[in-house]
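Student: The file below is input-v2.cif, mmCIF, C-alpha atoms and all ligand atoms:
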```cif
data_run
#
loop_
_atom_site.label_atom_id
_atom_site.label_comp_id
_atom_site.auth_asym_id
_atom_site.auth_seq_id
_atom_site.Cartn_x
_atom_site.Cartn_y
_atom_site.Cartn_z
CA MET A 1 124.33 57.16 94.00
CA GLY A 2 124.41 57.72 90.22
CA ALA A 3 121.59 57.15 87.75
CA PRO A 4 120.83 53.49 86.97
CA ALA A 5 123.04 52.10 84.20
CA GLY A 6 121.22 51.54 80.91
CA VAL A 7 121.47 47.89 79.83
CA ALA A 8 120.70 46.48 76.39
CA VAL A 9 119.95 42.77 76.65
CA LEU A 10 120.65 40.72 73.51
CA GLY A 11 119.00 37.32 73.67
CA SER A 12 116.59 38.48 76.38
CA THR A 13 114.17 35.60 75.78
CA GLY A 14 116.86 32.94 76.26
CA SER A 15 118.26 31.25 79.32
CA VAL A 16 121.01 33.81 80.07
CA GLY A 17 118.83 36.74 78.99
CA ARG A 18 116.03 35.78 81.39
CA SER A 19 118.48 35.31 84.27
CA ALA A 20 119.93 38.74 83.47
CA LEU A 21 116.47 40.32 83.57
CA GLU A 22 115.90 38.72 86.98
CA VAL A 23 119.06 40.37 88.27
CA ILE A 24 118.17 43.70 86.68
CA ALA A 25 114.63 43.61 88.11
CA ARG A 26 116.01 43.12 91.62
CA PHE A 27 118.17 46.24 91.45
CA PRO A 28 116.09 49.02 89.85
CA ASP A 29 118.29 51.65 91.50
CA LYS A 30 121.32 50.26 89.66
CA PHE A 31 120.03 49.16 86.26
CA ARG A 32 117.33 50.03 83.75
CA VAL A 33 116.65 48.20 80.52
CA THR A 34 117.18 50.35 77.43
CA ALA A 35 116.73 47.67 74.78
CA LEU A 36 115.65 44.06 74.46
CA CYS A 37 116.61 41.92 71.47
CA ALA A 38 115.67 38.37 70.53
CA GLY A 39 115.37 36.11 67.50
CA ARG A 40 111.73 35.41 66.56
CA ASN A 41 109.94 35.00 69.88
CA ALA A 42 107.63 38.00 69.59
CA LYS A 43 105.29 36.80 72.33
CA ARG A 44 107.90 36.58 75.07
CA LEU A 45 109.69 39.72 73.91
CA GLY A 46 106.37 41.59 74.03
CA GLU A 47 105.76 40.42 77.61
CA GLN A 48 109.27 41.51 78.61
CA ALA A 49 108.77 44.88 76.95
CA ARG A 50 105.57 45.47 78.92
CA ARG A 51 107.43 44.68 82.13
CA PHE A 52 110.72 46.53 81.53
CA ARG A 53 109.57 49.34 79.20
CA PRO A 54 112.73 49.69 77.11
CA SER A 55 113.05 52.37 74.40
CA LEU A 56 113.71 49.72 71.76
CA VAL A 57 112.82 46.10 71.12
CA CYS A 58 114.42 44.21 68.28
CA LEU A 59 113.71 40.91 66.55
CA SER A 60 115.78 39.23 63.86
CA ASP A 61 113.49 40.03 60.93
CA GLU A 62 110.63 42.24 59.90
CA SER A 63 107.93 39.55 59.84
CA ALA A 64 108.75 38.59 63.45
CA ALA A 65 108.82 42.26 64.50
CA LYS A 66 105.35 42.74 62.93
CA ARG A 67 103.99 40.10 65.32
CA LEU A 68 104.90 42.27 68.32
CA SER A 69 101.72 43.66 69.80
CA GLY A 70 100.71 45.66 72.85
CA LEU A 71 104.07 47.41 73.20
CA PRO A 72 104.06 50.10 75.87
CA ARG A 73 104.12 53.77 74.90
CA GLY A 74 107.67 54.88 74.29
CA THR A 75 108.83 51.45 73.07
CA ARG A 76 109.72 51.25 69.40
CA ALA A 77 110.19 48.00 67.48
CA VAL A 78 113.14 47.57 65.12
CA PHE A 79 114.59 44.50 63.43
CA GLY A 80 117.67 42.87 61.97
CA GLU A 81 121.31 43.81 62.26
CA GLU A 82 120.59 47.50 61.76
CA GLY A 83 117.97 47.50 64.49
CA MET A 84 120.25 45.64 66.88
CA THR A 85 123.07 48.09 66.19
CA GLU A 86 120.77 51.00 66.97
CA ALA A 87 119.71 49.27 70.18
CA VAL A 88 123.23 48.62 71.48
CA CYS A 89 124.73 51.94 70.41
CA ALA A 90 121.93 54.16 71.81
CA SER A 91 123.34 56.89 74.00
CA GLY A 92 121.42 55.72 77.07
CA THR A 93 122.99 52.25 76.92
CA ARG A 94 126.04 51.79 79.13
CA VAL A 95 126.22 47.98 79.20
CA VAL A 96 125.43 45.46 76.46
CA LEU A 97 124.66 41.97 77.68
CA ALA A 98 125.62 39.86 74.65
CA ALA A 99 123.60 36.67 75.11
CA ALA A 100 121.99 36.14 71.72
CA SER A 101 122.90 32.72 70.37
CA GLY A 102 124.65 32.42 67.01
CA VAL A 103 126.53 35.02 65.05
CA ALA A 104 123.83 37.61 64.26
CA SER A 105 125.10 40.02 66.90
CA ILE A 106 128.76 40.13 65.79
CA ARG A 107 128.70 43.49 64.03
CA PRO A 108 126.38 45.21 66.54
CA VAL A 109 128.50 44.06 69.49
CA ILE A 110 131.74 45.18 67.80
CA ALA A 111 130.10 48.55 67.06
CA ALA A 112 128.99 48.91 70.69
CA ALA A 113 132.49 48.06 71.98
CA GLY A 114 133.93 50.67 69.62
CA LYS A 115 131.59 53.22 71.16
CA GLY A 116 132.85 52.43 74.64
CA LYS A 117 129.89 50.37 75.91
CA ARG A 118 130.78 47.70 78.43
CA ILE A 119 130.27 44.28 76.87
CA ALA A 120 129.02 41.67 79.33
CA LEU A 121 129.80 38.72 77.12
CA ALA A 122 127.93 35.43 77.30
CA ASN A 123 127.96 34.63 73.60
CA LYS A 124 131.38 32.97 73.39
CA GLU A 125 130.91 32.32 69.67
CA LEU A 126 131.56 36.04 69.08
CA LEU A 127 135.06 35.79 70.54
CA VAL A 128 135.68 32.42 68.91
CA MET A 129 134.86 33.83 65.50
CA ALA A 130 135.92 37.41 65.73
CA GLY A 131 138.02 37.72 68.88
CA GLU A 132 140.65 39.88 67.21
CA PHE A 133 138.08 42.40 65.97
CA LEU A 134 136.06 42.55 69.15
CA VAL A 135 139.13 42.98 71.36
CA LYS A 136 140.51 45.69 69.04
CA ALA A 137 137.18 47.55 69.05
CA ALA A 138 136.95 47.34 72.84
CA ARG A 139 140.49 48.74 73.13
CA ALA A 140 139.73 51.58 70.73
CA GLY A 141 136.49 52.43 72.53
CA LYS A 142 138.11 51.93 75.95
CA ALA A 143 135.30 49.49 76.68
CA GLY A 144 135.71 46.49 78.91
CA ILE A 145 134.72 42.99 77.90
CA LEU A 146 133.43 41.36 81.08
CA PRO A 147 132.97 37.59 80.87
CA VAL A 148 129.61 36.07 81.73
CA ASP A 149 130.64 32.46 81.15
CA SER A 150 131.09 31.18 84.71
CA GLU A 151 134.56 29.75 83.99
CA HIS A 152 135.86 32.98 82.49
CA SER A 153 134.26 35.04 85.20
CA ALA A 154 136.17 32.84 87.65
CA VAL A 155 139.44 33.39 85.80
CA PHE A 156 138.75 37.11 85.54
CA GLN A 157 138.36 37.24 89.31
CA ALA A 158 141.46 35.10 89.93
CA ILE A 159 143.60 37.18 87.57
CA GLU A 160 142.69 40.66 88.75
CA GLY A 161 145.60 42.53 90.24
CA HIS A 162 148.14 39.99 88.97
CA ARG A 163 150.81 40.33 86.31
CA ARG A 164 150.28 38.39 83.08
CA GLU A 165 153.94 37.31 83.04
CA ASP A 166 153.47 35.56 86.40
CA ILE A 167 150.78 33.24 85.02
CA LEU A 168 151.83 29.68 84.32
CA ARG A 169 148.44 28.55 83.09
CA ILE A 170 144.71 28.95 83.31
CA ILE A 171 142.75 25.84 84.25
CA LEU A 172 139.19 25.81 82.96
CA THR A 173 137.04 23.28 84.76
CA ALA A 174 134.33 21.23 83.07
CA SER A 175 131.60 19.13 84.64
CA GLY A 176 132.22 16.47 81.99
CA GLY A 177 128.58 16.54 80.91
CA PRO A 178 126.07 13.68 80.91
CA PHE A 179 128.36 11.27 79.02
CA ARG A 180 131.43 11.63 81.19
CA ASN A 181 131.46 7.91 81.97
CA HIS A 182 129.96 6.61 78.73
CA THR A 183 131.93 4.49 76.31
CA LEU A 184 132.16 5.70 72.73
CA ARG A 185 129.88 2.86 71.73
CA ARG A 186 127.24 3.98 74.23
CA MET A 187 127.60 7.57 73.09
CA ARG A 188 126.80 6.51 69.53
CA THR A 189 123.25 5.67 70.56
CA ALA A 190 122.77 8.63 72.90
CA THR A 191 119.39 10.29 72.48
CA VAL A 192 118.59 13.98 72.33
CA ALA A 193 116.91 13.77 75.74
CA GLU A 194 120.05 12.20 77.23
CA ALA A 195 122.30 14.84 75.68
CA LEU A 196 120.08 17.59 77.08
CA GLY A 197 120.26 16.13 80.59
CA HIS A 198 123.17 18.23 81.86
CA PRO A 199 124.12 17.10 85.37
CA VAL A 200 124.65 20.61 86.78
CA TRP A 201 123.56 23.57 84.64
CA ARG A 202 120.18 24.40 83.06
CA MET A 203 120.98 26.17 79.81
CA GLY A 204 119.78 26.58 76.23
CA ASP A 205 119.76 23.42 74.08
CA LYS A 206 122.75 24.28 71.89
CA ILE A 207 125.20 24.95 74.71
CA THR A 208 123.89 21.90 76.59
CA VAL A 209 124.73 19.63 73.66
CA ASP A 210 128.11 21.38 73.34
CA SER A 211 128.74 20.53 76.98
CA ALA A 212 127.99 16.88 76.27
CA THR A 213 130.52 16.73 73.39
CA LEU A 214 132.98 18.98 75.30
CA MET A 215 132.95 21.32 72.30
CA ASN A 216 131.72 23.93 74.76
CA LYS A 217 135.02 23.62 76.61
CA GLY A 218 136.87 23.84 73.31
CA LEU A 219 135.04 27.07 72.49
CA GLU A 220 135.87 28.30 75.98
CA VAL A 221 139.59 27.64 75.44
CA ILE A 222 139.49 29.91 72.37
CA GLU A 223 137.37 32.45 74.27
CA ALA A 224 140.00 32.50 77.04
CA THR A 225 142.87 33.19 74.61
CA TRP A 226 141.14 36.42 73.58
CA LEU A 227 139.82 37.49 76.96
CA PHE A 228 143.09 37.01 78.80
CA GLY A 229 145.63 37.49 76.00
CA LEU A 230 147.26 34.08 76.51
CA PRO A 231 148.22 31.40 73.96
CA PRO A 232 146.28 28.10 73.85
CA SER A 233 149.33 26.33 75.33
CA LYS A 234 148.70 28.21 78.59
CA ILE A 235 145.08 27.13 78.84
CA ASP A 236 144.29 23.73 80.33
CA VAL A 237 141.06 21.86 80.97
CA LEU A 238 140.25 19.59 83.89
CA ILE A 239 137.08 17.61 84.47
CA HIS A 240 135.59 18.50 87.85
CA PRO A 241 132.15 16.84 88.06
CA GLN A 242 131.17 18.61 91.29
CA SER A 243 131.32 22.02 89.53
CA ALA A 244 132.27 23.79 92.74
CA VAL A 245 135.53 25.26 91.45
CA HIS A 246 134.54 27.34 88.45
CA SER A 247 138.14 27.69 87.21
CA MET A 248 141.60 28.59 88.47
CA VAL A 249 144.82 30.33 87.61
CA GLU A 250 148.25 28.93 88.40
CA TYR A 251 151.12 31.34 89.06
CA ARG A 252 154.85 30.78 88.83
CA ASP A 253 155.38 30.97 92.59
CA GLY A 254 153.28 27.80 92.93
CA SER A 255 150.04 29.55 93.95
CA LEU A 256 146.76 28.46 92.44
CA ILE A 257 143.91 30.95 92.75
CA ALA A 258 140.44 29.55 92.21
CA GLN A 259 136.91 30.94 92.35
CA LEU A 260 134.18 28.79 93.89
CA GLY A 261 130.45 29.10 94.20
CA ILE A 262 127.09 27.51 93.55
CA PRO A 263 126.34 26.88 89.89
CA ASP A 264 124.02 29.83 89.25
CA MET A 265 124.44 32.08 86.23
CA ARG A 266 123.04 35.06 88.11
CA ILE A 267 126.38 35.34 89.91
CA PRO A 268 128.64 35.87 86.86
CA ILE A 269 125.90 37.87 85.11
CA GLY A 270 125.54 40.17 88.12
CA TYR A 271 129.30 40.64 88.39
CA ALA A 272 129.67 41.46 84.68
CA LEU A 273 126.88 44.03 84.95
CA SER A 274 127.98 45.69 88.16
CA TYR A 275 131.78 45.23 88.23
CA PRO A 276 133.66 46.20 90.36
CA GLU A 277 130.72 46.18 92.77
CA ARG A 278 129.36 42.86 94.03
CA LEU A 279 125.58 42.70 94.22
CA PRO A 280 123.82 41.34 97.31
CA LEU A 281 122.13 38.57 95.30
CA GLU A 282 120.93 36.64 98.37
CA LEU A 283 121.24 33.26 96.67
CA PRO A 284 121.70 30.03 98.61
CA ARG A 285 125.18 30.17 100.09
CA PHE A 286 127.97 27.87 99.01
CA MET A 287 129.00 25.66 101.94
CA PRO A 288 132.37 23.96 101.27
CA HIS A 289 132.07 21.76 104.38
CA ARG A 290 128.93 20.15 102.95
CA MET A 291 130.78 19.01 99.85
CA ASP A 292 132.83 15.90 99.85
CA GLY A 293 134.92 14.07 97.31
CA TRP A 294 136.01 16.84 94.98
CA THR A 295 137.81 15.34 92.02
CA PHE A 296 139.80 16.69 89.10
CA GLU A 297 140.76 14.57 86.12
CA ARG A 298 142.21 15.09 82.67
CA PRO A 299 139.65 14.92 79.84
CA ASP A 300 139.69 11.77 77.74
CA LEU A 301 140.50 13.12 74.29
CA ARG A 302 139.76 9.81 72.59
CA ARG A 303 136.14 9.87 73.70
CA PHE A 304 135.88 13.67 73.49
CA PRO A 305 137.91 14.68 70.41
CA ALA A 306 136.12 18.04 70.16
CA LEU A 307 138.60 19.47 72.61
CA SER A 308 141.62 18.56 70.44
CA ILE A 309 139.89 19.97 67.35
CA ALA A 310 139.29 23.25 69.18
CA TYR A 311 142.93 23.48 70.34
CA ALA A 312 144.09 22.89 66.76
CA ALA A 313 141.72 25.62 65.51
CA ALA A 314 142.97 28.00 68.21
CA VAL A 315 146.57 27.40 67.14
CA ALA A 316 145.73 27.70 63.42
CA GLY A 317 143.87 30.99 63.98
CA GLY A 318 142.60 32.89 60.96
CA THR A 319 139.21 31.56 59.87
CA ALA A 320 139.70 28.11 61.42
CA PRO A 321 137.83 28.84 64.71
CA ALA A 322 134.94 30.41 62.76
CA ALA A 323 134.71 27.39 60.46
CA MET A 324 134.79 24.99 63.40
CA ASN A 325 132.12 26.94 65.22
CA ALA A 326 129.86 27.10 62.16
CA ALA A 327 130.18 23.39 61.40
CA ASN A 328 129.48 22.57 65.03
CA GLU A 329 126.38 24.75 65.10
CA VAL A 330 124.97 23.08 61.98
CA ALA A 331 125.80 19.60 63.30
CA VAL A 332 124.22 20.28 66.70
CA GLU A 333 121.08 21.53 64.97
CA ALA A 334 120.99 18.36 62.87
CA PHE A 335 121.41 16.20 65.96
CA LEU A 336 118.65 18.06 67.82
CA ALA A 337 116.40 17.56 64.78
CA GLY A 338 117.07 13.82 64.89
CA CYS A 339 118.99 13.80 61.59
CA ILE A 340 122.37 12.55 62.84
CA ARG A 341 123.78 10.59 65.77
CA PHE A 342 125.39 12.23 68.76
CA THR A 343 128.89 11.10 67.77
CA ASP A 344 128.33 12.42 64.23
CA ILE A 345 128.35 15.99 65.59
CA VAL A 346 132.08 15.98 66.20
CA GLY A 347 132.60 13.65 63.24
CA VAL A 348 131.20 16.32 60.91
CA VAL A 349 133.32 19.06 62.51
CA GLU A 350 136.44 16.90 62.33
CA LYS A 351 135.91 16.12 58.65
CA LEU A 352 135.29 19.73 57.77
CA MET A 353 138.34 20.93 59.66
CA ALA A 354 140.58 18.32 58.05
CA GLY A 355 139.92 19.94 54.68
CA TRP A 356 139.81 23.56 55.84
CA ARG A 357 142.29 25.78 54.00
CA ARG A 358 144.80 27.73 56.09
CA GLU A 359 145.33 31.42 55.37
CA THR A 360 148.81 32.68 54.81
CA GLY A 361 148.12 36.31 55.69
CA PRO A 362 145.91 38.32 58.03
CA VAL A 363 142.14 37.89 57.75
CA THR A 364 139.41 40.53 57.86
CA LEU A 365 136.05 40.42 59.59
CA ALA A 366 134.48 39.91 56.15
CA ASP A 367 136.73 36.84 55.65
CA VAL A 368 135.54 35.44 58.97
CA LEU A 369 131.87 36.00 58.15
CA ASP A 370 132.43 34.47 54.74
CA ALA A 371 134.11 31.42 56.31
CA ASP A 372 131.06 31.05 58.54
CA VAL A 373 128.77 30.83 55.49
CA VAL A 374 131.07 28.49 53.56
CA ALA A 375 131.57 26.15 56.54
CA ARG A 376 127.83 25.98 57.17
CA GLY A 377 127.22 24.96 53.55
CA GLU A 378 130.00 22.39 53.68
CA ALA A 379 128.73 20.96 57.00
CA ARG A 380 125.21 20.62 55.56
CA ARG A 381 126.66 18.82 52.56
CA LEU A 382 128.56 16.42 54.83
CA ILE A 383 125.44 15.78 56.90
CA SER A 384 123.17 15.15 53.95
CA GLY A 385 125.67 12.56 52.68
CA LYS A 386 125.39 10.54 55.88
CA ARG A 387 123.69 7.18 55.92
CA GLY A 388 120.48 7.30 57.89
CA TYR A 389 120.14 11.04 57.27
CA THR A 390 116.50 12.07 57.15
CA LYS A 391 115.69 15.38 55.57
CA ARG A 392 113.17 17.43 57.50
N1 LIG B 1 122.83 29.24 79.27
C1 LIG B 1 123.94 29.39 79.95
O1 LIG B 1 124.00 29.10 81.14
C2 LIG B 1 125.17 29.95 79.27
C3 LIG B 1 126.36 30.00 79.99
C4 LIG B 1 127.47 30.57 79.40
C5 LIG B 1 127.40 31.06 78.10
N2 LIG B 1 126.24 30.98 77.40
C6 LIG B 1 126.19 31.51 76.04
O2 LIG B 1 125.18 32.52 75.97
C7 LIG B 1 124.54 32.50 74.71
C8 LIG B 1 123.05 32.28 74.93
O3 LIG B 1 122.87 31.01 75.53
P1 LIG B 1 121.45 30.55 76.09
O4 LIG B 1 121.68 29.27 76.76
O5 LIG B 1 120.82 31.69 76.83
O6 LIG B 1 120.67 30.30 74.71
P2 LIG B 1 119.11 30.16 74.47
O7 LIG B 1 118.38 29.89 75.72
O8 LIG B 1 118.96 29.26 73.31
O9 LIG B 1 118.70 31.66 74.01
C9 LIG B 1 119.20 32.24 72.83
C10 LIG B 1 118.74 33.66 72.74
O10 LIG B 1 119.26 34.25 71.52
C11 LIG B 1 118.17 34.79 70.78
N3 LIG B 1 118.47 34.78 69.35
C12 LIG B 1 118.53 33.70 68.54
N4 LIG B 1 118.78 34.12 67.28
C13 LIG B 1 118.88 35.47 67.32
C14 LIG B 1 119.10 36.48 66.33
N5 LIG B 1 119.27 36.19 65.05
N6 LIG B 1 119.11 37.78 66.74
C15 LIG B 1 118.91 38.09 68.03
N7 LIG B 1 118.69 37.19 69.00
C16 LIG B 1 118.67 35.89 68.64
C17 LIG B 1 117.00 33.90 71.14
O11 LIG B 1 115.78 34.53 70.80
P3 LIG B 1 114.43 33.64 70.50
O12 LIG B 1 113.93 33.22 71.85
O13 LIG B 1 113.53 34.61 69.84
O14 LIG B 1 114.86 32.50 69.64
C18 LIG B 1 117.21 33.80 72.65
O15 LIG B 1 116.82 35.00 73.27
C19 LIG B 1 125.20 31.38 73.91
O16 LIG B 1 126.19 31.94 73.10
C20 LIG B 1 125.83 30.49 74.97
O17 LIG B 1 126.98 29.82 74.51
C21 LIG B 1 125.13 30.44 77.98
#
```
Take the structure in this file and express it as C-alpha cells.
Tutor:
Amino acid sequence: MGAPAGVAVLGSTGSVGRSALEVIARFPDKFRVTALCAGRNAKRLGEQARRFRPSLVCLSDESAAKRLSGLPRGTRAVFGEEGMTEAVCASGTRVVLAAASGVASIRPVIAAAGKGKRIALANKELLVMAGEFLVKAARAGKAGILPVDSEHSAVFQAIEGHRREDILRIILTASGGPFRNHTLRRMRTATVAEALGHPVWRMGDKITVDSATLMNKGLEVIEATWLFGLPPSKIDVLIHPQSAVHSMVEYRDGSLIAQLGIPDMRIPIGYALSYPERLPLELPRFMPHRMDGWTFERPDLRRFPALSIAYAAAVAGGTAPAAMNAANEVAVEAFLAGCIRFTDIVGVVEKLMAGWRRETGPVTLADVLDADVVARGEARRLISGKRGYTKR
C-alpha cells in the first residue's frame, strides 16, 4: 500500500467539505489532509485544524485569518487567493477537493490542475464560469477532473469505458425541489424557510435555493458540457422526485446506463477522492425492492424558466454563463436576506441575460472574471430598483 494521498479541502467548513472530512477521517491509511481552506469561519476551521493537523489553513482575508487561534504546531495560516494557491499547489497535495462556494477559488484550482493535481470538483460554478480554462489546464497538467456532484458522478460512472460517439444523450435527473407541484402564483409568496426545505438533500443554502428554482440543474447542464465534452443539445433533464436514479446515459444501440444509490454525498465524494478504487463506506444500503412508484417527467419550463436561461447561456458561451451565474448568486443572496421574492430570483437573471452583450471572438479568463464583476453590479442595480426592496 502506498503513502496516504495528500488532500487539500477547499470549503472545509461547508456541507460538502465536512462530508469530505468524514470520509477522509475514516480512511487514514488512504488520505491525509494537507490543507484546509474556508471563507471567514475561523472558529470551525481552527477546530478542524486541531483535528486533522494540515500544513496550511487558509481563510479568505487577513482579518479572518488573524482570528484563528490554537493552531497545532506545524500548521501555518495563510489567506486570500495567494494563500489558497499555495495550499492547493503544495507538493504534498495530490487531490484538491474544490468545494468552496462562489468564485474565489477559480485561479487556485486552475493552477492546481495545471500542476497535475486531481481536482475532485464540487463547485460547479468554476466549470460554469471558466470551464474552457479549467479543462485546458487539467489537460496540460495531465490532471483528472473528477465530479463530486452526484449527477455528474453518476454520468462519469455510466460513461466509463464507452465511446463518446456512441452517446445519444446524457439525462440529468432532478428531484424537482420543494416547489415541484406549486403554481407560479404560489411560488411568488414562497418563504425562505420553504425554499430551504429540500425534499431529499441537505446542502448549503445557496445550492438549496438553486434546486428550488431549478437553476442548479441549469448550472449542471453547463457543468456537464465541460466535463463530458458534449454540446448542450445532448444533455437532457428529467424530474425524478424519488432521487434514486442519480443520472443516466443513453447510447445509440438503445441502451440506457444509469447509476443508482441512496442520496448521500459521501458516495460521490469518496469516489472522486479514491477513483478508481471504491471505498467500503458502510452506509445504509440501497434496496430497490423497497422503492415503489419511480417516476420521470419533463420539467415545466414555464414554471421553472431558469433551465431555459441556462441552456441559452450554454449555447451562447463566452461570458454568458459567467454573467448568468453571477446574477443568480446575487439574486439568491437577496432572496435569502428577505429583499426580493422567490420568483424575482430568476426574474433578475432573465432581465440581465436579455441585455447581456455577446462576444464575437474568443474570451480570456480575465474577460470571464470581469463579466462576473459587471453582472454582479448590474444584478444589484436591478434588485435595488424593485418595488418592495428593502436595503439591509
Ligand atoms: N451541498 C451539496 O450537497 C452539494 C452537492 C453538489 C455540489 N455542491 C457544490 O459545492 C459547493 C459547496 O456547496 P456547500 O453546499 O458545501 O456550500 P456551503 O455549505 O455554503 O459551504 C461553502 C464553503 O465555502 C467556503 N467559502 C465561502 N467563501 C469562500 C472564499 N472566499 N474562500 C474560500 N472558501 C470560501 C465556506 O467557508 P465559511 O464557512 O467560512 O463561509 C464553506 O466552507 C458549491 O459550489 C455547490 O454548488 C454542493
Student: Could you tell me, as a ChimeraX atom specification, which residues have any atom at most 9 Å from (136.5, 43.8, 77.5), counting all atoms listed in the file?
Tutor: /A:113,118-121,134-135,138-139,142-147,227
Student: How many Å separate atom O2 of ligand LIG 1 (chain B) from atom CA of Ala99 of chain A?
Tutor: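 Calculated distance between atom O2 of ligand LIG 1 (chain B) and atom CA of Ala99 of chain A is 4.5 Å.
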Student: One decimal, in Å: what's the spacing between atom O12 of ligand LIG 1 (chain B) and atom CA of His246 of chain A?
Tutor: 27.1 Å
Student: Using all atoms listed in the file, find each protein or nucleic acid residue lying at most 7 Å from ligand LIG 1 (chain B); present the set as a VMD selection string.
Tutor: chain A and resid 10 to 17 37 to 42 59 to 60 99 to 102 104 to 105 122 to 125 148 to 150 201 to 207 265
Student: So, with only C-alpha atoms as the atoms that count, which of A:Met287, A:Ala5, A:Val109, A:Leu71 lies closest to Tyr275 of chain A?
Tutor: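 Using only C-alpha atoms, the shortest distance to Tyr275 of chain A belongs to A:Ala5.
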Student: Rounded to one decimal in Å, what is the spacing between atom CA of Ala310 of chain A and atom CA of Gly218 of chain A?
Tutor: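 If I compute the distance from atom CA of Ala310 of chain A to atom CA of Gly218 of chain A, I get 4.8 Å.
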Student: Name the residues within 6 Å of (127.3, 18.6, 58.6), counting all atoms listed in the file in the file's coordinates, and put them as a list of chain:residue names.
Tutor: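 Checking each residue against the 6 Å limit leaves A:Ala331, A:Val348, A:Ala379, A:Arg380, A:Leu382, A:Ile383.
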Student: Using the block above, I'd like segment 88-138 of chain A written out, keeping C-alpha atoms and formatting it as a compact mmCIF listing (two decimals), in the first residue's frame.
Tutor:
```
# COMPACT_ATOMS: atom_id res chain seq x y z
CA VAL A 88 -3.53 23.61 -3.43
CA CYS A 89 -0.19 23.59 -5.25
CA ALA A 90 1.91 22.32 -2.31
CA SER A 91 4.00 19.35 -3.32
CA GLY A 92 2.38 17.07 -0.74
CA THR A 93 -1.10 17.66 -2.16
CA ARG A 94 -2.27 15.04 -4.65
CA VAL A 95 -6.01 15.78 -4.66
CA VAL A 96 -7.83 19.11 -4.38
CA LEU A 97 -11.43 18.88 -3.23
CA ALA A 98 -12.93 22.04 -4.73
CA ALA A 99 -15.96 22.72 -2.54
CA ALA A 100 -15.64 26.40 -1.68
CA SER A 101 -18.76 28.26 -2.73
CA GLY A 102 -18.50 31.18 -5.14
CA VAL A 103 -15.71 32.09 -7.50
CA ALA A 104 -12.80 32.81 -5.14
CA SER A 105 -11.11 29.51 -5.90
CA ILE A 106 -11.08 29.81 -9.71
CA ARG A 107 -7.43 30.76 -10.17
CA PRO A 108 -6.09 28.44 -7.43
CA VAL A 109 -8.00 25.46 -8.82
CA ILE A 110 -6.83 26.16 -12.39
CA ALA A 111 -3.26 26.46 -11.08
CA ALA A 112 -3.57 23.14 -9.23
CA ALA A 113 -4.97 21.40 -12.33
CA GLY A 114 -2.05 22.78 -14.35
CA LYS A 115 0.32 21.21 -11.83
CA GLY A 116 -1.29 17.82 -12.28
CA LYS A 117 -3.31 17.66 -9.04
CA ARG A 118 -6.51 15.67 -9.26
CA ILE A 119 -9.48 18.02 -8.97
CA ALA A 120 -12.43 16.50 -7.12
CA LEU A 121 -14.91 19.11 -8.24
CA ALA A 122 -18.00 20.04 -6.24
CA ASN A 123 -18.00 23.73 -7.05
CA LYS A 124 -19.86 23.62 -10.36
CA GLU A 125 -19.68 27.40 -10.68
CA LEU A 126 -15.99 27.02 -11.58
CA LEU A 127 -16.84 24.97 -14.67
CA VAL A 128 -19.84 27.15 -15.50
CA MET A 129 -17.67 30.26 -15.49
CA ALA A 130 -14.32 29.03 -16.61
CA GLY A 131 -14.86 25.54 -17.99
CA GLU A 132 -12.63 26.12 -21.01
CA PHE A 133 -9.70 27.26 -18.86
CA LEU A 134 -10.04 24.60 -16.21
CA VAL A 135 -10.35 21.78 -18.75
CA LYS A 136 -7.34 23.11 -20.70
CA ALA A 137 -5.25 23.35 -17.52
CA ALA A 138 -6.22 19.83 -16.48
```
